[in-house]
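Reading through the structure tokens given below for one structure.
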Amino acid sequence: PPEWIRELRFNCKSLFVFVDIIKTWIFIPSIIALNSNGWITTYLSNIQTNDGRSYLFSIFIGDLIAGITVAVTLVPQGLAYASLATLPPVYGLYTSLIPTIMYSLFGSSSSLCIGPVAIVSLLCGSLISKYKVDPIADPNAAIDLATQASFCVGILLCIMSLLNGGQIIRFLSYPIMSGFTTGAAMLIGLSQLKSGFGFSNKIPQVGADEGIHHNYQVIQWYYNNWYGSYDNDSIHGNNTYRNHHALYIFLCVYIPLIIIYIIKQNFKATKDRTKTWWFQIWILLGNLAPLLLLIISGMLSENIITNGKKTNDYFAKQLKIIGNVSTGASIIRFPTFRYSMSKLMIDVLPLTFMGFMESYSIARNIASTKGEIHSLLPGQELFGIGIGNIIGSFFSAYPSCGSYSRSSLNASAGGKTLFSGFITICVIIFTLTTLSHAFYWIPSSALSAIIFVAITNIISISDFWYAWKYSKKDFTVLVITFLFT
């Protein structure tokens with residue numbers, strides 16, 4: 001037979017052997033262990049929906065619509081968040097696969113969507129920078145560190161689950177959480193100014209570059225280098241310039257998305273509105289907007305680069321795009337464990353606590369809204385997210401947790417059970433196998449625009465005002481946490 005058929009047979013045999021190993025050594029023992037705690041009953045009740053109804057066709061339609069809607073949002077977010085973690089963009093989609101499947105099997109929330117998120121991606125990128133790994137010069141080393149970090153995060157979460165560590169969430173006050181997330185959102189925005197505005201060279205980082213000790217110094221650097229110029233393909237001064245093509249594409253994506261976000265905030269769903277056809281169309285267009293704008297930005301960058309080669313436009317030739325995306329068998333990538341496990345276990349503690357606190361707070365908020373707070377179990381949440389990170393690390397996933405925007409979208413789009421997560425996975429797999437070539441021309445500045453809009457949900461300026469108005473102690477804690485972040 002032809003070579004490709006022999007290769008296909010080998011890959012299929014390898015896949016079946018791997019699935020059999022997972023089933024024999026991980027899945028069945030896990031089922032037995034969980035059944036002793038009554039978690040299997042909880043999962044089956046989720047399949048029946050949390051209000052005790054059987055899984056009817058109408059519920060399946062709701063899960064189907066919610067799963068597709070979340071997947072449409074996840075594709076642009078996954079690509080953008082992976083770049084935030086200084087990894088190839090496709091790894092954001094890899095991170096959404098196995099963790100979602102494992103959480104659907106072992107999680108307790110019917111609406112929580114697991115995958116790449118902004119804050120954890122930022123912390124993962126900071127971890128890669130801390131270990132002096134250059135993701136551009138040696139991307140494999142960065143990927144190995146990220147997957148090993150995912151394994152360590154999963155181990156810590158599972159240990160916390162066995163030790164009833166879910167109760168630790170009670171000791172963390174809201175001002176601490178709000179101060180940290182707002183500060184992290186500011187850092188995320190600051191880190192995306194380079195690709196968003198198209199700066200040519202490396203941006204100085206606090207603590208990583210000599211003489212840079214505070215974030216205001218980074219902002220000052222942007223101001224000093226805003227008007228860099230070039231002459232005959234050589235850069236004047238300090239080898240810094242700003243690519244106006246990247247800035248224009250950034251604004252073309254950011255402005256429509258932020259307008260849609262503002263309208264959504266002031267035109268929220270009500271019982272009467274959700275029954276009208278025009279509101280359903282508005283919701284559909286609002287959810288499709290990021291993906292459509294990514295496609296348009298890819299068409300613009302292709303046109304700019306193609307014409308730039310003809311006219312010898314230096315800025316057009318320097319416009320950064322995603323480029324070739326590797327898919328298929330490359331997703332199965334076992335952690336190399338090239339880094340010290342004991343040291344990495346300590347270094348991923350911020351990732352672990354932040355991931356769980358964000359996931360549980362999201363799940364609790366949605367569960368209270370849907371009247372399902374009784375079915376939410378902190379220990380089971382720890383195990384579901386933990387096992388997802390462990391197994392996901394063998395499939396090119398970096399640390400993942402619950403996403404606020406996608407979980408809220410899943411609940412509002414009609415998702416009733418965890419089966420909507422499997423629908424999302426099917427759409428992502430279809431995208432990776434058939435549409436990956438469409439990612440080639442997507443510019444980095446467009447991904448930065450999506451991140452800028454995403455962090456708008458995280459920034460809580462109003463919390464500072466209410467804390468100042470009602471509790472000076474909470475305000476002090478909020479400000480101190482924000483500044484130290």
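To be explicit about the labels: the chains of the structure tokens are called A, B, and onward in the order shown, and within each one the residues are counted from 1, while ligands get numbers from 1 in the order they are shown.
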Proximity check region 108-176 of chain A to region 395-418 of chain A, 8 Å, nearest pairs one decimal Å, only C-alpha atoms, as JSON lines:
{"residue": "A:Ser109", "atom": "CA", "partner": "A:Leu418", "partner_atom": "CA", "distance": 7.6}
{"residue": "A:Ser110", "atom": "CA", "partner": "A:Thr417", "partner_atom": "CA", "distance": 4.8}
{"residue": "A:Ser111", "atom": "CA", "partner": "A:Ala411", "partner_atom": "CA", "distance": 5.7}
{"residue": "A:Leu112", "atom": "CA", "partner": "A:Ser407", "partner_atom": "CA", "distance": 4.9}
{"residue": "A:Cys113", "atom": "CA", "partner": "A:Ser407", "partner_atom": "CA", "distance": 5.0}
{"residue": "A:Ile114", "atom": "CA", "partner": "A:Gly402", "partner_atom": "CA", "distance": 4.4}
{"residue": "A:Gly115", "atom": "CA", "partner": "A:Ser400", "partner_atom": "CA", "distance": 5.0}
{"residue": "A:Pro116", "atom": "CA", "partner": "A:Ser400", "partner_atom": "CA", "distance": 5.1}
{"residue": "A:Val117", "atom": "CA", "partner": "A:Ser403", "partner_atom": "CA", "distance": 5.8}
{"residue": "A:Val120", "atom": "CA", "partner": "A:Ser400", "partner_atom": "CA", "distance": 7.0}
{"residue": "A:Ser121", "atom": "CA", "partner": "A:Pro399", "partner_atom": "CA", "distance": 7.6}
{"residue": "A:Cys124", "atom": "CA", "partner": "A:Pro399", "partner_atom": "CA", "distance": 7.4}
{"residue": "A:Ile143", "atom": "CA", "partner": "A:Ser396", "partner_atom": "CA", "distance": 7.6}
{"residue": "A:Ala146", "atom": "CA", "partner": "A:Tyr398", "partner_atom": "CA", "distance": 5.0}
{"residue": "A:Thr147", "atom": "CA", "partner": "A:Tyr398", "partner_atom": "CA", "distance": 4.9}
{"residue": "A:Gln148", "atom": "CA", "partner": "A:Tyr398", "partner_atom": "CA", "distance": 7.9}
{"residue": "A:Ala149", "atom": "CA", "partner": "A:Pro399", "partner_atom": "CA", "distance": 6.7}
{"residue": "A:Ser150", "atom": "CA", "partner": "A:Pro399", "partner_atom": "CA", "distance": 4.3}
{"residue": "A:Phe151", "atom": "CA", "partner": "A:Pro399", "partner_atom": "CA", "distance": 7.9}
{"residue": "A:Val153", "atom": "CA", "partner": "A:Pro399", "partner_atom": "CA", "distance": 6.9}
Could you give me, as a Markdown table, every region 85-152 of chain A residue with an atom at most 9 Å from region 170-192 of chain A, plus its closest atom pair and distance in Å to one decimal, counting only C-alpha atoms, rows ordered by chain then number?
| residue | atom | partner | partner_atom | distance |
| --- | --- | --- | --- | --- |
| A:Ala118 | CA | A:Ile188 | CA | 7.5 |
| A:Ile119 | CA | A:Ala184 | CA | 6.4 |
| A:Leu122 | CA | A:Ile188 | CA | 6.6 |
| A:Leu123 | CA | A:Ala184 | CA | 9.0 |
Preceding selection exported with all heavy atoms as a tab-separated table (two decimals), in the first residue's frame:
chain	number	residue	atom	x	y	z
A	118	ALA	N	-6.92	34.54	30.14
A	118	ALA	CA	-5.93	35.62	30.02
A	118	ALA	C	-4.92	35.63	31.18
A	118	ALA	O	-3.71	35.66	30.95
A	118	ALA	CB	-6.65	36.96	29.94
A	119	ILE	N	-5.41	35.60	32.41
A	119	ILE	CA	-4.51	35.75	33.57
A	119	ILE	C	-3.55	34.56	33.69
A	119	ILE	O	-2.35	34.74	33.89
A	119	ILE	CB	-5.33	35.92	34.86
A	119	ILE	CG1	-6.08	37.26	34.84
A	119	ILE	CG2	-4.43	35.85	36.08
A	119	ILE	CD1	-6.91	37.53	36.06
A	122	LEU	N	-0.97	34.78	31.05
A	122	LEU	CA	0.06	35.78	31.41
A	122	LEU	C	1.05	35.20	32.41
A	122	LEU	O	2.27	35.37	32.27
A	122	LEU	CB	-0.61	37.02	31.99
A	122	LEU	CG	0.35	38.10	32.54
A	122	LEU	CD1	1.12	38.75	31.41
A	122	LEU	CD2	-0.42	39.15	33.34
A	123	LEU	N	0.54	34.48	33.43
A	123	LEU	CA	1.42	33.88	34.43
A	123	LEU	C	2.30	32.80	33.81
A	123	LEU	O	3.46	32.64	34.19
A	123	LEU	CB	0.58	33.29	35.57
A	123	LEU	CG	-0.18	34.30	36.44
A	123	LEU	CD1	-1.08	33.57	37.44
A	123	LEU	CD2	0.78	35.22	37.17
For Thr476 (chain A), which residue among A:Pro290, A:Asp463, A:Gln220, A:Leu162 is the nearest when counting only C-alpha atoms?
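Among the listed residues, the smallest separation from Thr476 (chain A) belongs to A:Asp463.
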Close residues, region 371-386 of chain A itself excluded, 8 Å, only C-alpha atoms, min 2 positions apart in chain, as a count of residues only:
39
Looking only at the backbone, which of the residues in region 110-192 of chain A does DSSP tag as alpha helix (DSSP H), as a VMD selection string?
chain A and resid 118 to 130 139 to 162 174 to 191
If you take only C-alpha atoms and a cut-off of 12 Å, which residues of region 94-131 of chain A touch region 432-444 of chain A, and what are their nearest atom pairs and distances in Å to one decimal, in chain and number order, as JSON lines?
{"residue": "A:Tyr94", "atom": "CA", "partner": "A:Leu432", "partner_atom": "CA", "distance": 9.0}
{"residue": "A:Ser96", "atom": "CA", "partner": "A:Leu432", "partner_atom": "CA", "distance": 11.7}
{"residue": "A:Leu97", "atom": "CA", "partner": "A:Leu432", "partner_atom": "CA", "distance": 10.8}
Go ahead and save the picked residues with N, CA, C and O atoms, as a tab-separated table (two decimals), in the first residue's frame.
chain	number	residue	atom	x	y	z
A	94	TYR	N	-5.13	23.68	21.37
A	94	TYR	CA	-4.78	22.40	21.99
A	94	TYR	C	-5.19	22.38	23.47
A	94	TYR	O	-5.67	21.37	23.98
A	96	SER	N	-7.60	23.74	24.86
A	96	SER	CA	-9.05	23.68	25.07
A	96	SER	C	-9.63	22.30	24.87
A	96	SER	O	-10.81	22.07	25.15
A	97	LEU	N	-8.83	21.33	24.40
A	97	LEU	CA	-9.37	20.02	24.04
A	97	LEU	C	-9.48	19.08	25.24
A	97	LEU	O	-10.57	18.89	25.79
Go ahead and compute the interatomic distance for CA of Phe250 (chain A) and CA of Phe452 (chain A), in Å to one decimal.
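Atom-to-atom, CA of Phe250 (chain A) to CA of Phe452 (chain A), that is 10.0 Å.
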Could you please determine the separation between CA of Ile61 (chain A) and CA of Ser420 (chain A) in Å, to one decimal place?
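Taking CA of Ile61 (chain A) and CA of Ser420 (chain A), their separation equals 9.6 Å.
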Go through region 171-401 of chain A and collect every residue that DSSP, computed from the backbone, puts in strand (DSSP E or B); the answer should be as a list in words.
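So the strand (DSSP E or B) residues in region 171-401 of chain A would be Phe199, Tyr230, Asp231, Ser234, Ile235, Arg242, Ile321, Arg333, Phe395 and Cys401 of chain A.
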Please provide as a compact mmCIF listing (two decimals) with C-alpha atoms, in the first residue's frame all residues within 8 Å of Leu294 (chain A), with the sequence filter that same-chain residues fewer than 2 positions apart are discarded (counting only C-alpha atoms).
# COMPACT_ATOMS: atom_id res chain seq x y z
CA PRO A 76 -10.04 33.61 18.41
CA VAL A 253 -10.50 44.99 15.09
CA PRO A 290 -14.39 38.28 16.90
CA LEU A 291 -14.08 35.39 14.45
CA LEU A 292 -15.35 37.45 11.51
CA ILE A 296 -11.15 40.19 7.74
CA SER A 297 -7.84 41.11 9.39
CA GLY A 298 -6.24 38.07 7.71
CA ILE A 442 -3.97 36.43 10.79
CA ALA A 446 -5.54 41.48 15.61
CA LEU A 447 -4.98 38.92 18.39
Pick from A:Leu349, A:Ile304, A:Leu285, A:Ile331 nearest to Gln318 (chain A), counting only C-alpha atoms:
A:Ile304
Measure the distance from CA of Val90 (chain A) to CA of Asp63 (chain A) in Å and round it to one decimal.
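CA of Asp63 (chain A) lies at a distance of 25.4 Å from CA of Val90 (chain A).
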